[in-house]
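So the structure is just underneath, and the comments pick up after that.
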Amino acid sequence: MKVQDNLIRGQKGPDGFNRNEKGIKYLIEIRQTAIEAISHGSVPLQGIPTHPSFAAHRTWLLSHMAAAFRHWDRMGYVEGFSGHISVRDPEHPNAFWTNPLGRHFGLLRASDMILVDLDGNVIGGNRSRPPNKAGFLIHSSVHRARPDAHAVCHAHTVHGKAWSVFARRLDMITQDACKFYADAHAVYDRYGGVVLGPEEGDLIAAALGPRGKGCILRNHGLLTVGRTVDEAAWLFTSMEKSCQVQLLVESVAHSIPKVLIPDKEAKFNFDVEADPEFCYCEFQVYYDQEEHLSNGDFKN
């Protein structure tokens with residue numbers, strides 16, 4: 001058997017490392033970021049940008065927030081006015097931007113967003129519509145509990161809701177599911193009805209934990225967080241698709257046993273593909289599509 005075959009099967013090669021251990025060792029030795037490692041050649045993809053002022057940063061994040069909603073529309077995540085995204089303001093960390101209640105995701109623009117502080121006061125942005133109260137209660141709890149979570153996404157998607165009824169974590173059955181390896185995702189194994197009081201939001205935030213990137217809310221839907229709205233939105237789409245794949249696999253698992261990705265390989269995948277900058281870059285394909293199809297309308 002060839003050395004390459006040994007490595008693919010996860011066995012040790014003559015240098016004492018299997019394929020993924022070699023990959024980690026290589027990244028450490030050359031000090032590459034995840035996005036540099038995936039970019040073949042001398043010009044890597046550009047990662048998360050920096051901004052010359054709070055105002056410029058705010059304009060940028062609101063346009064990316066609006067693009068995320070437009071993407072959600074194309075993905076079929078709309079169900080009435082359920083679902084919300086929040087993004088922490090760059091200048092005022094105890095306030096976040098969120099979408100107005102009753103406005104279709106496919107119509108949202110940057111100027112539609114509402115700035116609300118953690119006490120529930122509307123302090124800026126669009127004042128023609130209110131924010132979603134359930135959304136405020138969930139998102140404010142998560143932002144309080146997780147200063148690193150600058151963006152939070154939640155929606156009632158078909159496959160997320162379907163998988164949530166089992167109150168089970170996702171299995172590491174695909175490379176994409178490994179973004180949620182170990183404590184990077186959790187299950188909120190309670191259901192308290194429509195969120196109209198702060199307790200439910202606090203319990204959801206506690207279930208997410210200090211390192212969670214996503215949470216499956218039993219009988220409810222999915223929630224993801226990120227350092228940017230792009231990261232949180234990409235993780236949401238990836239988690240929804242992972243729920244879809246899990247449901248498909250479970251439908252035949254009674255006759256064909258599942259083969260899980262081993263922990264070592266799952267951790268390696270997580271270290272690369274769950275990197276905040278890597279996730280940011282993943283979402284840019286959707287941002288570019290929205291910009292092309294709408295001629296940038298969502299930025300207004």
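We label chains A, B, ... in the order they appear in the structure tokens, count residues from 1 in each chain, and number ligands from 1 in the order shown.
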
What are the DSSP helix (DSSP H, G or I) residues of region 54-139 of chain A, as a PyMOL selection string?
-> chain A and resi 54-75+105-107+110-112+133-139

Region 84-173 of chain A residues near region 270-280 of chain A within 12 Å, closest pair each, using only C-alpha atoms, as CSV:
```
residue,atom,partner,partner_atom,distance
A:Asp148,CA,A:Pro276,CA,11.2
A:Ala149,CA,A:Pro276,CA,11.0
A:His150,CA,A:Pro276,CA,11.5
A:Ala151,CA,A:Pro276,CA,11.8
A:Met172,CA,A:Phe270,CA,10.5
```

Take the residues that were just selected and, keeping all heavy atoms, output them as an mmCIF file, in the first residue's frame.
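What landed in result.cif:
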```
data_model
loop_
_atom_site.group_PDB
_atom_site.id
_atom_site.type_symbol
_atom_site.label_atom_id
_atom_site.label_comp_id
_atom_site.auth_asym_id
_atom_site.auth_seq_id
_atom_site.Cartn_x
_atom_site.Cartn_y
_atom_site.Cartn_z
ATOM 1 N N ASP A 148 -17.792 38.504 22.962
ATOM 2 C CA ASP A 148 -17.120 38.181 21.704
ATOM 3 C C ASP A 148 -18.094 37.976 20.556
ATOM 4 O O ASP A 148 -17.700 37.958 19.389
ATOM 5 C CB ASP A 148 -16.281 36.900 21.872
ATOM 6 C CG ASP A 148 -17.151 35.683 22.179
ATOM 7 O OD1 ASP A 148 -18.008 35.774 23.093
ATOM 8 O OD2 ASP A 148 -16.987 34.638 21.521
ATOM 9 N N ALA A 149 -19.378 37.808 20.867
ATOM 10 C CA ALA A 149 -20.398 37.565 19.840
ATOM 11 C C ALA A 149 -20.920 38.909 19.346
ATOM 12 O O ALA A 149 -21.854 39.476 19.909
ATOM 13 C CB ALA A 149 -21.522 36.710 20.407
ATOM 14 N N HIS A 150 -20.325 39.413 18.290
ATOM 15 C CA HIS A 150 -20.735 40.713 17.764
ATOM 16 C C HIS A 150 -21.980 40.613 16.899
ATOM 17 O O HIS A 150 -22.642 41.623 16.652
ATOM 18 C CB HIS A 150 -19.586 41.336 16.971
ATOM 19 C CG HIS A 150 -18.411 41.692 17.825
ATOM 20 N ND1 HIS A 150 -18.467 42.666 18.803
ATOM 21 C CD2 HIS A 150 -17.158 41.178 17.876
ATOM 22 C CE1 HIS A 150 -17.291 42.753 19.405
ATOM 23 N NE2 HIS A 150 -16.488 41.859 18.870
ATOM 24 N N ALA A 151 -22.313 39.401 16.446
ATOM 25 C CA ALA A 151 -23.509 39.202 15.635
ATOM 26 C C ALA A 151 -24.216 37.930 16.069
ATOM 27 O O ALA A 151 -23.571 36.943 16.445
ATOM 28 C CB ALA A 151 -23.144 39.130 14.158
ATOM 29 N N MET A 172 -20.950 14.425 13.777
ATOM 30 C CA MET A 172 -19.868 14.835 12.881
ATOM 31 C C MET A 172 -19.806 13.838 11.719
ATOM 32 O O MET A 172 -18.934 12.982 11.624
ATOM 33 C CB MET A 172 -18.537 14.894 13.645
ATOM 34 C CG MET A 172 -18.515 15.901 14.795
ATOM 35 S SD MET A 172 -18.753 17.627 14.255
ATOM 36 C CE MET A 172 -20.478 17.909 14.713
#
```

At what distance in Å, to one decimal, does CA of Thr50 (chain A) lie from CA of His292 (chain A)?
-> 23.4 Å

Quick one: everything within 9 Å of Gly83 (chain A), counting only C-alpha atoms, minus sequence neighbours fewer than 2 positions away in the same chain. Send it as number ranges by chain.
-> A: 77-81, 85, 132, 135, 153-157

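Our summary of the geometry notes that CA of Lys213 (chain A) is positioned 24.6 Å from CA of Lys258 (chain A).
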
Selection: 10 Å around region 233-248 of chain A, only C-alpha atoms, excl. self and same-chain fewer than 4 positions, as a PyMOL selection string | chain A and resi 64-65+67-69+71-72+75+77+85+151-164+169-180+185+213-216+221-226+228-229+252-253+274+276+279-284+286

Using DSSP assignments from the backbone, pull out every residue in region 23-191 of chain A that falls under strand (DSSP E or B) and give it to me as a short mmCIF file (atom, residue, chain, number, x, y, z; two decimals) with N, CA and C atoms, in the first residue's frame.
```cif
data_model
loop_
_atom_site.label_atom_id
_atom_site.label_comp_id
_atom_site.auth_asym_id
_atom_site.auth_seq_id
_atom_site.Cartn_x
_atom_site.Cartn_y
_atom_site.Cartn_z
N GLU A 79 -40.48 33.17 7.16
CA GLU A 79 -41.75 32.64 7.66
C GLU A 79 -42.44 33.76 8.42
N SER A 82 -41.05 36.02 11.59
CA SER A 82 -40.14 35.30 12.49
C SER A 82 -38.72 35.39 11.97
N HIS A 84 -34.54 36.98 13.10
CA HIS A 84 -33.88 38.25 13.35
C HIS A 84 -32.36 38.08 13.37
N ILE A 85 -31.70 39.16 13.02
CA ILE A 85 -30.23 39.25 13.09
C ILE A 85 -29.91 40.49 13.92
N SER A 86 -28.88 40.40 14.73
CA SER A 86 -28.40 41.57 15.46
C SER A 86 -26.90 41.69 15.26
N VAL A 87 -26.43 42.93 15.25
CA VAL A 87 -25.01 43.21 15.12
C VAL A 87 -24.63 44.32 16.09
N ARG A 88 -23.64 44.06 16.93
CA ARG A 88 -23.19 45.05 17.91
C ARG A 88 -22.63 46.28 17.21
N ALA A 95 -24.99 48.40 22.61
CA ALA A 95 -26.15 48.57 21.73
C ALA A 95 -25.94 47.72 20.48
N PHE A 96 -27.04 47.29 19.88
CA PHE A 96 -26.92 46.50 18.66
C PHE A 96 -27.99 46.90 17.65
N TRP A 97 -27.66 46.67 16.39
CA TRP A 97 -28.57 46.90 15.28
C TRP A 97 -29.39 45.64 15.03
N THR A 98 -30.68 45.82 14.73
CA THR A 98 -31.52 44.67 14.41
C THR A 98 -32.56 45.09 13.38
N PRO A 100 -36.35 45.55 11.58
CA PRO A 100 -37.68 45.98 12.01
C PRO A 100 -38.70 44.84 11.92
N ILE A 114 -32.54 49.08 13.01
CA ILE A 114 -32.85 49.82 14.23
C ILE A 114 -31.72 49.62 15.23
N LEU A 115 -31.28 50.69 15.88
CA LEU A 115 -30.26 50.59 16.93
C LEU A 115 -30.96 50.61 18.28
N VAL A 116 -30.75 49.55 19.06
CA VAL A 116 -31.40 49.41 20.37
C VAL A 116 -30.34 49.07 21.40
N ASP A 117 -30.45 49.65 22.60
CA ASP A 117 -29.46 49.33 23.64
C ASP A 117 -29.90 48.10 24.41
N VAL A 122 -34.77 52.21 21.99
CA VAL A 122 -34.37 52.51 20.62
C VAL A 122 -33.59 53.82 20.64
N ILE A 123 -32.34 53.78 20.22
CA ILE A 123 -31.48 54.96 20.34
C ILE A 123 -30.97 55.46 18.99
N GLY A 124 -31.38 54.80 17.89
CA GLY A 124 -30.92 55.26 16.59
C GLY A 124 -31.50 54.45 15.46
N GLY A 125 -31.22 54.89 14.25
CA GLY A 125 -31.68 54.17 13.08
C GLY A 125 -33.14 54.39 12.77
N PRO A 131 -38.68 47.05 16.77
CA PRO A 131 -37.99 45.76 16.66
C PRO A 131 -38.89 44.64 17.18
N ALA A 151 -22.31 39.40 16.45
CA ALA A 151 -23.51 39.20 15.64
C ALA A 151 -24.22 37.93 16.07
N VAL A 152 -25.54 37.96 16.00
CA VAL A 152 -26.38 36.82 16.38
C VAL A 152 -27.45 36.64 15.31
N CYS A 153 -27.63 35.41 14.85
CA CYS A 153 -28.64 35.09 13.84
C CYS A 153 -29.61 34.04 14.39
N HIS A 154 -30.90 34.25 14.14
CA HIS A 154 -31.90 33.27 14.54
C HIS A 154 -33.05 33.29 13.54
N ALA A 155 -33.50 32.11 13.13
CA ALA A 155 -34.66 32.00 12.25
C ALA A 155 -35.29 30.63 12.44
N HIS A 185 -21.17 23.75 19.45
CA HIS A 185 -22.63 23.85 19.35
C HIS A 185 -23.27 23.09 20.50
N ALA A 186 -24.50 23.48 20.77
CA ALA A 186 -25.21 22.93 21.92
C ALA A 186 -26.69 22.78 21.57
N VAL A 187 -27.42 22.18 22.49
CA VAL A 187 -28.87 22.06 22.36
C VAL A 187 -29.52 22.73 23.57
N TYR A 188 -30.47 23.60 23.30
CA TYR A 188 -31.30 24.15 24.37
C TYR A 188 -32.50 23.22 24.51
#
```

CA of Arg109 (chain A) and CA of Glu290 (chain A), how far apart in Å?
-> 11.7 Å

Contact residues around Tyr191 (chain A) with only C-alpha atoms at 9 Å, ignoring same-chain residues under 6 positions, as JSON, numbers by chain | {"A": [200, 217, 218, 219, 220]}

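Comparing the minimum interatomic distances between Gly201 (chain A) and each of A:Val43, A:Ile48, A:Leu137, A:Ala37, counting only C-alpha atoms, we find that A:Leu137 sits nearest.
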